[in-house]
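One file, my_file36.json, carrying JSON, C-alpha atoms:
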[["chain", "number", "residue", "atom", "x", "y", "z"],
["A", 187, "MET", "CA", 9.40, 60.98, -73.95],
["A", 188, "VAL", "CA", 9.39, 60.78, -70.17],
["A", 189, "SER", "CA", 11.72, 58.04, -68.97],
["A", 190, "VAL", "CA", 10.63, 55.28, -66.60],
["A", 191, "SER", "CA", 13.13, 56.49, -64.00],
["A", 192, "ILE", "CA", 11.61, 59.99, -63.99],
["A", 193, "ILE", "CA", 8.10, 58.56, -63.59],
["A", 194, "PHE", "CA", 9.31, 56.34, -60.76],
["A", 195, "GLU", "CA", 10.98, 59.24, -58.92],
["A", 196, "THR", "CA", 7.88, 61.39, -59.33],
["A", 197, "TYR", "CA", 5.48, 58.80, -57.98],
["A", 198, "LYS", "CA", 7.94, 56.80, -55.88],
["A", 199, "LYS", "CA", 6.02, 57.09, -52.64],
["A", 200, "TRP", "CA", 2.88, 55.85, -54.38],
["A", 201, "PHE", "CA", 4.74, 52.86, -55.82],
["A", 202, "PHE", "CA", 5.95, 52.03, -52.32],
["A", 203, "LEU", "CA", 2.43, 52.45, -50.94],
["A", 204, "VAL", "CA", 0.88, 50.09, -53.50],
["A", 205, "ALA", "CA", 3.66, 47.49, -53.13],
["A", 206, "LEU", "CA", 3.29, 47.47, -49.35],
["A", 207, "SER", "CA", -0.48, 47.24, -49.64],
["A", 208, "VAL", "CA", -0.21, 44.11, -51.79],
["A", 209, "ILE", "CA", 2.47, 42.53, -49.58],
["A", 210, "TRP", "CA", 0.84, 43.26, -46.22],
["A", 211, "GLY", "CA", -2.66, 42.68, -47.56],
["A", 212, "SER", "CA", -1.54, 39.15, -48.45],
["A", 213, "SER", "CA", 0.01, 38.62, -45.01],
["A", 214, "PHE", "CA", -3.31, 37.98, -43.30],
["A", 215, "ILE", "CA", -4.21, 34.96, -45.44],
["A", 216, "LEU", "CA", -0.67, 33.63, -44.95],
["A", 217, "ILE", "CA", -1.09, 33.89, -41.18],
["A", 218, "LYS", "CA", -4.38, 32.02, -41.47],
["A", 219, "LYS", "CA", -2.74, 29.21, -43.45],
["A", 220, "SER", "CA", 0.25, 29.09, -41.10],
["A", 221, "LEU", "CA", -2.00, 28.54, -38.10],
["A", 222, "ILE", "CA", -3.13, 25.19, -39.52],
["A", 223, "GLY", "CA", 0.03, 23.47, -38.26],
["A", 224, "LEU", "CA", 1.45, 25.99, -35.77],
["A", 225, "ASP", "CA", 0.16, 27.72, -32.68],
["A", 226, "PRO", "CA", 0.31, 31.55, -32.49],
["A", 227, "VAL", "CA", 3.46, 31.63, -30.34],
["A", 228, "GLN", "CA", 5.35, 29.32, -32.69],
["A", 229, "LEU", "CA", 4.15, 31.27, -35.72],
["A", 230, "GLY", "CA", 5.22, 34.61, -34.26],
["A", 231, "SER", "CA", 8.66, 33.45, -33.17],
["A", 232, "LEU", "CA", 9.37, 31.63, -36.46],
["A", 233, "ARG", "CA", 8.30, 34.71, -38.37],
["A", 234, "LEU", "CA", 10.77, 36.83, -36.40],
["A", 235, "LEU", "CA", 13.60, 34.33, -36.80],
["A", 236, "PHE", "CA", 13.13, 33.84, -40.54],
["A", 237, "SER", "CA", 12.80, 37.58, -41.12],
["A", 238, "GLY", "CA", 15.76, 38.41, -38.93],
["A", 239, "ALA", "CA", 18.00, 35.91, -40.71],
["A", 240, "MET", "CA", 17.11, 37.46, -44.07],
["A", 241, "ILE", "CA", 17.58, 41.05, -42.94],
["A", 242, "LEU", "CA", 20.86, 40.42, -41.10],
["A", 243, "LEU", "CA", 22.23, 38.46, -44.05],
["A", 244, "VAL", "CA", 22.26, 41.64, -46.14],
["A", 245, "GLY", "CA", 22.32, 44.37, -43.50],
["A", 246, "SER", "CA", 24.35, 43.20, -40.50],
["A", 247, "HIS", "CA", 27.31, 45.36, -41.56],
["A", 248, "LEU", "CA", 25.17, 48.46, -41.04],
["A", 249, "ILE", "CA", 24.60, 47.88, -37.32],
["A", 250, "LYS", "CA", 27.89, 49.57, -36.46],
["A", 251, "ASN", "CA", 26.44, 52.82, -37.84],
["A", 252, "ILE", "CA", 23.83, 53.02, -35.09],
["A", 253, "THR", "CA", 24.90, 55.48, -32.39],
["A", 254, "ARG", "CA", 24.45, 55.08, -28.66],
["A", 255, "GLN", "CA", 21.80, 57.80, -28.68],
["A", 256, "GLN", "CA", 19.84, 56.03, -31.45],
["A", 257, "TRP", "CA", 19.82, 52.56, -29.89],
["A", 258, "PRO", "CA", 16.96, 53.20, -27.40],
["A", 259, "TRP", "CA", 14.73, 54.31, -30.29],
["A", 260, "VAL", "CA", 15.79, 51.34, -32.43],
["A", 261, "VAL", "CA", 14.92, 48.99, -29.56],
["A", 262, "GLY", "CA", 11.58, 50.74, -29.06],
["A", 263, "SER", "CA", 10.86, 50.49, -32.78],
["A", 264, "ALA", "CA", 11.72, 46.78, -32.73],
["A", 265, "ILE", "CA", 9.41, 45.99, -29.82],
["A", 266, "LEU", "CA", 6.46, 48.13, -30.98],
["A", 267, "GLY", "CA", 6.70, 47.75, -34.74],
["A", 268, "THR", "CA", 7.73, 44.10, -35.06],
["A", 269, "PHE", "CA", 7.95, 41.96, -31.92],
["A", 270, "PHE", "CA", 4.55, 42.17, -30.23],
["A", 271, "PRO", "CA", 2.47, 42.54, -33.43],
["A", 272, "ALA", "CA", 3.95, 39.30, -34.81],
["A", 273, "PHE", "CA", 2.34, 37.43, -31.91],
["A", 274, "LEU", "CA", -0.78, 39.54, -31.43],
["A", 275, "PHE", "CA", -2.01, 39.16, -35.01],
["A", 276, "ALA", "CA", -1.46, 35.41, -34.89],
["A", 277, "ILE", "CA", -3.45, 35.17, -31.65],
["A", 278, "ALA", "CA", -6.25, 37.31, -33.08],
["A", 279, "GLU", "CA", -6.63, 35.16, -36.19],
["A", 280, "THR", "CA", -7.33, 32.07, -34.12],
["A", 281, "GLU", "CA", -10.79, 33.58, -33.53],
["A", 282, "ILE", "CA", -11.48, 36.18, -36.24],
["A", 283, "ASP", "CA", -11.18, 36.05, -40.03],
["A", 284, "SER", "CA", -8.02, 37.24, -41.77],
["A", 285, "ALA", "CA", -10.03, 39.87, -43.66],
["A", 286, "VAL", "CA", -11.50, 41.21, -40.41],
["A", 287, "ALA", "CA", -8.02, 41.47, -38.90],
["A", 288, "SER", "CA", -6.82, 43.48, -41.89],
["A", 289, "ILE", "CA", -9.85, 45.76, -41.65],
["A", 290, "LEU", "CA", -9.24, 46.48, -37.99],
["A", 291, "ASN", "CA", -5.67, 47.35, -38.93],
["A", 292, "GLY", "CA", -7.15, 50.41, -40.62],
["A", 293, "LEU", "CA", -7.12, 52.11, -37.22],
["A", 294, "VAL", "CA", -3.38, 52.77, -37.62],
["A", 295, "PRO", "CA", -3.68, 56.14, -39.47],
["A", 296, "LEU", "CA", -6.07, 57.53, -36.86],
["A", 297, "ASN", "CA", -3.80, 56.42, -34.04],
["A", 298, "THR", "CA", -0.78, 57.82, -35.90],
["A", 299, "ILE", "CA", -2.36, 61.26, -35.99],
["A", 300, "LEU", "CA", -3.36, 61.13, -32.32],
["A", 301, "PHE", "CA", 0.11, 60.03, -31.15],
["A", 302, "GLY", "CA", 1.80, 62.42, -33.55],
["A", 303, "LEU", "CA", -0.07, 65.36, -32.10],
["A", 304, "ALA", "CA", -0.01, 64.30, -28.45],
["A", 305, "LEU", "CA", 3.48, 62.87, -28.02],
["A", 306, "PHE", "CA", 5.67, 63.85, -30.97],
["A", 307, "LYS", "CA", 4.35, 67.31, -31.88],
["A", 308, "ILE", "CA", 4.00, 66.31, -35.55],
["A", 309, "GLY", "CA", 1.45, 68.59, -37.19],
["A", 310, "THR", "CA", -1.54, 67.36, -39.18],
["A", 311, "THR", "CA", -3.76, 69.43, -41.47],
["A", 312, "THR", "CA", -7.55, 69.54, -41.26],
["A", 313, "ARG", "CA", -7.75, 67.95, -44.71],
["A", 314, "GLN", "CA", -5.61, 65.02, -43.57],
["A", 315, "ALA", "CA", -7.74, 64.55, -40.47],
["A", 316, "VAL", "CA", -10.95, 64.58, -42.51],
["A", 317, "GLY", "CA", -9.48, 62.04, -44.94],
["A", 318, "VAL", "CA", -8.47, 59.77, -42.09],
["A", 319, "VAL", "CA", -11.96, 60.00, -40.56],
["A", 320, "ILE", "CA", -13.60, 59.14, -43.89],
["A", 321, "GLY", "CA", -11.27, 56.19, -44.31],
["A", 322, "PHE", "CA", -12.05, 55.10, -40.77],
["A", 323, "MET", "CA", -15.78, 55.29, -41.53],
["A", 324, "GLY", "CA", -15.25, 52.92, -44.43],
["A", 325, "THR", "CA", -13.29, 50.61, -42.15],
["A", 326, "ALA", "CA", -16.10, 50.72, -39.58],
["A", 327, "VAL", "CA", -18.64, 49.73, -42.23],
["A", 328, "LEU", "CA", -16.51, 46.73, -43.17],
["A", 329, "ILE", "CA", -16.15, 45.74, -39.52],
["A", 330, "GLY", "CA", -19.84, 46.08, -38.77],
["A", 331, "TYR", "CA", -20.92, 44.12, -41.81],
["A", 332, "GLY", "CA", -18.34, 41.44, -41.09],
["A", 333, "ALA", "CA", -19.71, 41.08, -37.56],
["A", 334, "GLN", "CA", -23.19, 40.49, -38.98],
["A", 335, "LEU", "CA", -21.90, 37.84, -41.35],
["A", 336, "ASN", "CA", -19.85, 36.06, -38.69],
["A", 337, "PRO", "CA", -21.73, 36.28, -35.36],
["A", 338, "GLU", "CA", -20.00, 33.11, -34.17],
["A", 339, "GLN", "CA", -16.61, 34.79, -34.07],
["A", 340, "ASN", "CA", -15.15, 36.00, -30.78],
["A", 341, "TYR", "CA", -14.68, 39.72, -31.36],
["A", 342, "TYR", "CA", -12.91, 40.13, -28.02],
["A", 343, "TYR", "CA", -9.88, 38.86, -29.93],
["A", 344, "ALA", "CA", -10.14, 41.95, -32.11],
["A", 345, "GLY", "CA", -8.57, 43.73, -29.15],
["A", 346, "PHE", "CA", -5.24, 42.10, -30.01],
["A", 347, "VAL", "CA", -5.35, 43.75, -33.43],
["A", 348, "ILE", "CA", -6.38, 47.10, -31.97],
["A", 349, "LEU", "CA", -3.47, 46.92, -29.51],
["A", 350, "SER", "CA", -1.16, 46.23, -32.46],
["A", 351, "THR", "CA", -2.45, 49.32, -34.28],
["A", 352, "LEU", "CA", -1.50, 51.45, -31.28],
["A", 353, "MET", "CA", 1.99, 49.97, -31.35],
["A", 354, "TYR", "CA", 2.33, 50.49, -35.11],
["A", 355, "ALA", "CA", 1.28, 54.12, -34.74],
["A", 356, "LEU", "CA", 3.90, 54.73, -32.05],
["A", 357, "ASN", "CA", 6.54, 53.04, -34.21],
["A", 358, "ILE", "CA", 5.71, 55.23, -37.21],
["A", 359, "ASN", "CA", 6.14, 58.38, -35.15],
["A", 360, "ILE", "CA", 9.39, 57.10, -33.59],
["A", 361, "ILE", "CA", 10.90, 56.49, -37.02],
["A", 362, "LYS", "CA", 9.78, 59.87, -38.34],
["A", 363, "LYS", "CA", 10.86, 61.84, -35.27],
["A", 364, "HIS", "CA", 14.03, 60.07, -34.10],
["A", 365, "LEU", "CA", 15.35, 57.79, -36.87],
["A", 366, "GLN", "CA", 14.79, 59.98, -39.91],
["A", 367, "GLU", "CA", 18.49, 60.16, -40.80],
["A", 368, "MET", "CA", 19.07, 56.40, -40.56],
["A", 369, "THR", "CA", 18.68, 54.23, -43.67],
["A", 370, "ALA", "CA", 15.67, 51.90, -43.78],
["A", 371, "LEU", "CA", 17.87, 48.79, -43.89],
["A", 372, "THR", "CA", 19.93, 49.98, -40.91],
["A", 373, "ILE", "CA", 16.76, 50.40, -38.84],
["A", 374, "ALA", "CA", 15.56, 46.93, -39.83],
["A", 375, "ALA", "CA", 18.94, 45.35, -39.07],
["A", 376, "GLY", "CA", 19.05, 47.06, -35.68],
["A", 377, "ASN", "CA", 15.49, 45.90, -34.96],
["A", 378, "PHE", "CA", 16.20, 42.25, -35.66],
["A", 379, "VAL", "CA", 19.55, 42.00, -33.94],
["A", 380, "VAL", "CA", 17.58, 42.95, -30.81],
["A", 381, "LEU", "CA", 14.80, 40.42, -31.46],
["A", 382, "MET", "CA", 16.60, 37.26, -32.59],
["A", 383, "VAL", "CA", 17.58, 35.91, -29.15],
["A", 384, "PRO", "CA", 14.19, 36.43, -27.44],
["A", 385, "ALA", "CA", 12.43, 35.01, -30.51],
["A", 386, "PHE", "CA", 14.48, 31.81, -30.38],
["A", 387, "ALA", "CA", 13.99, 31.50, -26.61],
["A", 388, "ILE", "CA", 10.21, 31.78, -27.05],
["A", 389, "LEU", "CA", 10.24, 29.19, -29.84],
["A", 390, "TYR", "CA", 12.30, 26.80, -27.73],
["A", 391, "PHE", "CA", 10.03, 27.03, -24.70],
["A", 392, "SER", "CA", 6.90, 26.73, -26.89],
["A", 393, "GLY", "CA", 7.63, 23.00, -27.26],
["A", 394, "PHE", "CA", 8.28, 23.30, -30.98],
["A", 395, "PHE", "CA", 11.29, 20.96, -30.86],
["A", 396, "GLU", "CA", 9.71, 18.33, -28.63],
["A", 397, "ASN", "CA", 8.79, 14.87, -29.97],
["A", 398, "GLY", "CA", 9.83, 15.77, -33.51],
["A", 399, "GLU", "CA", 6.44, 17.31, -34.27],
["A", 400, "TYR", "CA", 8.10, 20.03, -36.34],
["A", 401, "GLN", "CA", 8.89, 17.34, -38.93],
["A", 402, "SER", "CA", 5.25, 16.47, -39.64],
["A", 403, "PRO", "CA", 3.90, 17.35, -43.14],
["A", 404, "GLU", "CA", 1.29, 19.71, -41.69],
["A", 405, "VAL", "CA", 3.85, 21.67, -39.68],
["A", 406, "LEU", "CA", 6.31, 21.78, -42.59],
["A", 407, "ALA", "CA", 3.58, 23.15, -44.87],
["A", 408, "SER", "CA", 2.76, 25.84, -42.30],
["A", 409, "MET", "CA", 6.44, 26.69, -42.00],
["A", 410, "GLY", "CA", 6.50, 27.21, -45.76],
["A", 411, "TYR", "CA", 3.74, 29.81, -45.41],
["A", 412, "VAL", "CA", 5.65, 31.45, -42.55],
["A", 413, "LEU", "CA", 8.78, 31.58, -44.72],
["A", 414, "ILE", "CA", 6.87, 33.41, -47.49],
["A", 415, "LEU", "CA", 5.28, 35.67, -44.87],
["A", 416, "SER", "CA", 8.69, 36.42, -43.37],
["A", 417, "LEU", "CA", 10.43, 37.16, -46.66],
["A", 418, "PHE", "CA", 7.80, 39.50, -48.05],
["A", 419, "GLY", "CA", 5.48, 40.46, -45.18],
["A", 420, "THR", "CA", 8.23, 41.25, -42.67],
["A", 421, "ALA", "CA", 11.77, 41.45, -44.12],
["A", 422, "ILE", "CA", 11.21, 43.21, -47.46],
["A", 423, "ALA", "CA", 8.16, 45.13, -46.25],
["A", 424, "LYS", "CA", 10.01, 46.34, -43.15],
["A", 425, "VAL", "CA", 12.67, 48.04, -45.29],
["A", 426, "LEU", "CA", 10.11, 49.43, -47.75],
["A", 427, "PHE", "CA", 7.94, 50.81, -44.96],
["A", 428, "ASN", "CA", 10.83, 52.45, -43.10],
["A", 429, "ARG", "CA", 11.84, 54.14, -46.35],
["A", 430, "LEU", "CA", 8.26, 55.22, -47.05],
["A", 431, "VAL", "CA", 7.97, 56.85, -43.62],
["A", 432, "GLN", "CA", 11.18, 58.77, -44.28],
["A", 433, "MET", "CA", 10.25, 59.97, -47.79],
["A", 434, "SER", "CA", 6.67, 60.98, -46.95],
["A", 435, "THR", "CA", 4.62, 61.82, -43.86],
["A", 436, "PRO", "CA", 3.50, 59.53, -41.01],
["A", 437, "VAL", "CA", -0.12, 59.87, -42.17],
["A", 438, "PHE", "CA", 0.72, 58.96, -45.77],
["A", 439, "ALA", "CA", 2.80, 55.96, -44.69],
["A", 440, "SER", "CA", 0.09, 54.71, -42.34],
["A", 441, "SER", "CA", -2.45, 55.00, -45.18],
["A", 442, "VAL", "CA", -1.15, 51.65, -46.39],
["A", 443, "THR", "CA", -3.51, 50.18, -43.82],
["A", 444, "TYR", "CA", -6.47, 51.55, -45.78],
["A", 445, "LEU", "CA", -5.48, 49.68, -48.94],
["A", 446, "MET", "CA", -4.46, 46.45, -47.22],
["A", 447, "PRO", "CA", -8.07, 45.39, -46.47],
["A", 448, "LEU", "CA", -8.89, 45.48, -50.18],
["A", 449, "VAL", "CA", -6.14, 42.98, -50.91],
["A", 450, "ALA", "CA", -7.03, 40.90, -47.85],
["A", 451, "VAL", "CA", -10.73, 40.77, -48.82],
["A", 452, "LEU", "CA", -9.73, 39.69, -52.33],
["A", 453, "TRP", "CA", -7.68, 36.81, -50.90],
["A", 454, "ALA", "CA", -10.54, 35.94, -48.56],
["A", 455, "THR", "CA", -12.90, 35.80, -51.55],
["A", 456, "LEU", "CA", -10.53, 33.49, -53.40],
["A", 457, "ASP", "CA", -10.40, 31.38, -50.25],
["A", 458, "GLY", "CA", -14.17, 30.88, -50.36],
["A", 459, "GLU", "CA", -15.59, 33.94, -48.64],
["A", 460, "LYS", "CA", -18.16, 36.16, -50.32],
["A", 461, "LEU", "CA", -17.71, 39.82, -51.23],
["A", 462, "TYR", "CA", -20.89, 41.83, -50.74],
["A", 463, "PHE", "CA", -22.02, 45.19, -52.12],
["A", 464, "GLU", "CA", -21.67, 46.89, -48.73],
["A", 465, "GLN", "CA", -18.03, 45.79, -48.53],
["A", 466, "ALA", "CA", -17.32, 47.24, -51.99],
["A", 467, "LEU", "CA", -19.00, 50.51, -50.94],
["A", 468, "ALA", "CA", -16.84, 50.64, -47.83],
["A", 469, "ALA", "CA", -13.74, 50.04, -49.96],
["A", 470, "ILE", "CA", -14.63, 53.11, -52.05],
["A", 471, "LEU", "CA", -14.88, 55.17, -48.86],
["A", 472, "ILE", "CA", -11.48, 53.92, -47.77],
["A", 473, "LEU", "CA", -9.82, 54.82, -51.06],
["A", 474, "PHE", "CA", -11.43, 58.27, -51.03],
["A", 475, "GLY", "CA", -10.09, 58.83, -47.52],
["A", 476, "VAL", "CA", -6.56, 57.93, -48.67],
["A", 477, "TYR", "CA", -6.86, 60.31, -51.63],
["A", 478, "LEU", "CA", -8.18, 63.17, -49.53],
["A", 479, "SER", "CA", -5.51, 62.72, -46.86],
["A", 480, "ASN", "CA", -2.66, 62.81, -49.35],
["A", 481, "ARG", "CA", -3.63, 64.95, -52.31],
["A", 482, "ASN", "CA", -1.68, 68.14, -52.93],
["A", 483, "LYS", "CA", -3.21, 71.48, -52.00]]

Spell out the structure here as structure tokens.
Amino acid sequence: MVSVSIIFETYKKWFFLVALSVIWGSSFILIKKSLIGLDPVQLGSLRLLFSGAMILLVGSHLIKNITRQQWPWVVGSAILGTFFPAFLFAIAETEIDSAVASILNGLVPLNTILFGLALFKIGTTTRQAVGVVIGFMGTAVLIGYGAQLNPEQNYYYAGFVILSTLMYALNINIIKKHLQEMTALTIAAGNFVVLMVPAFAILYFSGFFENGEYQSPEVLASMGYVLILSLFGTAIAKVLFNRLVQMSTPVFASSVTYLMPLVAVLWATLDGEKLYFEQALAAILILFGVYLSNRNK
């Protein structure tokens, strides 16, 4: 009989992919709930502070392992992969649905390939490119249908999500090209030791501590959502994702953004939104694109 450990080792990257899809797919509804009592700047900075505290609690001893040559790439990874997206997604969800934000995030694999080829000389096969395009087509169908259902939403704010996808794609390639030999937890610890001070400064100047408003029930409830988001959506997911990038390819790791919308749409449905046939059809396209991009020859 095949042991559980053998099965896990064989399909480890797929386990990581599914776990990250569930965690990050749930992040969008948590951001939506957090915005009830917090503004986007407060949400982003609290998310960074909570996540950093958790990561540094278990990984601060690893920071000494980062070399002088690696630090510029760790800082770049922190800014592109964590800092700006924490604020940009929160800003975007003040105007567009959480499910729409997750769908737009599906641009990451396409951007990963483009940056990988143009800047990092990371090769991509024709099959991978075709799979990414098919997945992107499914994402486009979801976006287009969502726009028809929600014409009152300000889709200019979708640009904040698109900008985040460019940053995520650069971060993926940085990790694969320059931080491959560093453990996932070391990368995360290095990222957050860089971000903690600016995150606290932003929170302080946001007016969060003025007039004791942070003690109101509404704000405390939102902070609870941010705490959950930080523990799973940033701290744990950050380590899992760094490890996934190292054990697979940039395209495979970025494929998590194809599965995230399925989870996000499910949460949106449970939150009162409807799931239509066209959205289910687009989801099938997305899954086929992931399969095609990552199946063995």

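Counting all atoms listed in the file, stretch 246-258 of chain A has the following residues at most 10 Å away, ignoring those fewer than 3 positions along the same chain: Gly238, Ala239, Met240, Ile241, Leu242, Leu243, Val261, Gly262, Ser263, Ala264, His364, Leu365, Met368, Thr369, Leu371, Thr372, Ile373, Ala374, Ala375, Gly376, Asn377, Phe378, Val379 and Val380 of chain A.
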
Keeping only C-alpha atoms, write the selected residues as a short mmCIF file (atom, residue, chain, number, x, y, z; two decimals), keeping the file's coordinate frame.
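The resulting again.cif:
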data_model
loop_
_atom_site.label_atom_id
_atom_site.label_comp_id
_atom_site.auth_asym_id
_atom_site.auth_seq_id
_atom_site.Cartn_x
_atom_site.Cartn_y
_atom_site.Cartn_z
CA GLY A 238 15.76 38.41 -38.93
CA ALA A 239 18.00 35.91 -40.71
CA MET A 240 17.11 37.46 -44.07
CA ILE A 241 17.58 41.05 -42.94
CA LEU A 242 20.86 40.42 -41.10
CA LEU A 243 22.23 38.46 -44.05
CA VAL A 261 14.92 48.99 -29.56
CA GLY A 262 11.58 50.74 -29.06
CA SER A 263 10.86 50.49 -32.78
CA ALA A 264 11.72 46.78 -32.73
CA HIS A 364 14.03 60.07 -34.10
CA LEU A 365 15.35 57.79 -36.87
CA MET A 368 19.07 56.40 -40.56
CA THR A 369 18.68 54.23 -43.67
CA LEU A 371 17.87 48.79 -43.89
CA THR A 372 19.93 49.98 -40.91
CA ILE A 373 16.76 50.40 -38.84
CA ALA A 374 15.56 46.93 -39.83
CA ALA A 375 18.94 45.35 -39.07
CA GLY A 376 19.05 47.06 -35.68
CA ASN A 377 15.49 45.90 -34.96
CA PHE A 378 16.20 42.25 -35.66
CA VAL A 379 19.55 42.00 -33.94
CA VAL A 380 17.58 42.95 -30.81
#

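Among the candidates A:Phe346, A:Tyr411, A:Tyr197, A:Trp453, the residue lying nearest to A:Asn291 is A:Phe346 (atoms considered: all atoms listed in the file).
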
Please report as CSV every residue of stretch 239-338 of chain A lying within 8 Å of stretch 201-223 of chain A, along with the nearest atom pair and their distance in Å (one decimal), using all atoms listed in the file.
residue,atom,partner,partner_atom,distance
A:Ala276,CA,A:Ile217,CA,6.5
A:Glu279,CA,A:Lys218,CA,6.5
A:Thr280,CA,A:Leu221,CA,7.5
A:Ser284,CA,A:Phe214,CA,5.0
A:Ala285,CA,A:Phe214,CA,7.0
A:Ala287,CA,A:Phe214,CA,7.3
A:Ser288,CA,A:Phe214,CA,6.7

Residues from last step as file, C-alpha atoms, as an mmCIF file, in the frame of the given file:
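Listed below is the output, part23.cif:
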data_model
loop_
_atom_site.group_PDB
_atom_site.id
_atom_site.type_symbol
_atom_site.label_atom_id
_atom_site.label_comp_id
_atom_site.auth_asym_id
_atom_site.auth_seq_id
_atom_site.Cartn_x
_atom_site.Cartn_y
_atom_site.Cartn_z
ATOM 1 C CA ALA A 276 -1.460 35.410 -34.890
ATOM 2 C CA GLU A 279 -6.630 35.160 -36.190
ATOM 3 C CA THR A 280 -7.330 32.070 -34.120
ATOM 4 C CA SER A 284 -8.020 37.240 -41.770
ATOM 5 C CA ALA A 285 -10.030 39.870 -43.660
ATOM 6 C CA ALA A 287 -8.020 41.470 -38.900
ATOM 7 C CA SER A 288 -6.820 43.480 -41.890
#

message = When you count only C-alpha atoms, which of these residues is closest to A:Ile299: A:Val316, A:Ala272, A:Met382, A:Leu234?
response =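 The closest residue to A:Ile299 is A:Val316.
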
Pick out the residues sitting within 12 Å of A:Gln366, and hand them over as JSON, numbers by chain; count all atoms listed in the file, and ignore anything fewer than 2 positions along from it in its own chain. {"A": [256, 259, 260, 358, 359, 360, 361, 362, 363, 364, 368, 369, 370, 372, 373, 428, 429, 430, 431, 432, 433, 434, 435, 436]}

Write a file of the just-selected residues containing C-alpha atoms, as an mmCIF file, keeping the file's coordinate frame.
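The resulting file, part08.cif, is reproduced below:
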data_model
loop_
_atom_site.group_PDB
_atom_site.id
_atom_site.type_symbol
_atom_site.label_atom_id
_atom_site.label_comp_id
_atom_site.auth_asym_id
_atom_site.auth_seq_id
_atom_site.Cartn_x
_atom_site.Cartn_y
_atom_site.Cartn_z
ATOM 1 C CA GLN A 256 19.840 56.030 -31.450
ATOM 2 C CA TRP A 259 14.730 54.310 -30.290
ATOM 3 C CA VAL A 260 15.790 51.340 -32.430
ATOM 4 C CA ILE A 358 5.710 55.230 -37.210
ATOM 5 C CA ASN A 359 6.140 58.380 -35.150
ATOM 6 C CA ILE A 360 9.390 57.100 -33.590
ATOM 7 C CA ILE A 361 10.900 56.490 -37.020
ATOM 8 C CA LYS A 362 9.780 59.870 -38.340
ATOM 9 C CA LYS A 363 10.860 61.840 -35.270
ATOM 10 C CA HIS A 364 14.030 60.070 -34.100
ATOM 11 C CA MET A 368 19.070 56.400 -40.560
ATOM 12 C CA THR A 369 18.680 54.230 -43.670
ATOM 13 C CA ALA A 370 15.670 51.900 -43.780
ATOM 14 C CA THR A 372 19.930 49.980 -40.910
ATOM 15 C CA ILE A 373 16.760 50.400 -38.840
ATOM 16 C CA ASN A 428 10.830 52.450 -43.100
ATOM 17 C CA ARG A 429 11.840 54.140 -46.350
ATOM 18 C CA LEU A 430 8.260 55.220 -47.050
ATOM 19 C CA VAL A 431 7.970 56.850 -43.620
ATOM 20 C CA GLN A 432 11.180 58.770 -44.280
ATOM 21 C CA MET A 433 10.250 59.970 -47.790
ATOM 22 C CA SER A 434 6.670 60.980 -46.950
ATOM 23 C CA THR A 435 4.620 61.820 -43.860
ATOM 24 C CA PRO A 436 3.500 59.530 -41.010
#

| query | Could you state the separation of atom CA of A:Phe322 and atom CA of A:Tyr342 in Å, given to one decimal place? | reply |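 Interatomic distance here is 19.7 Å.
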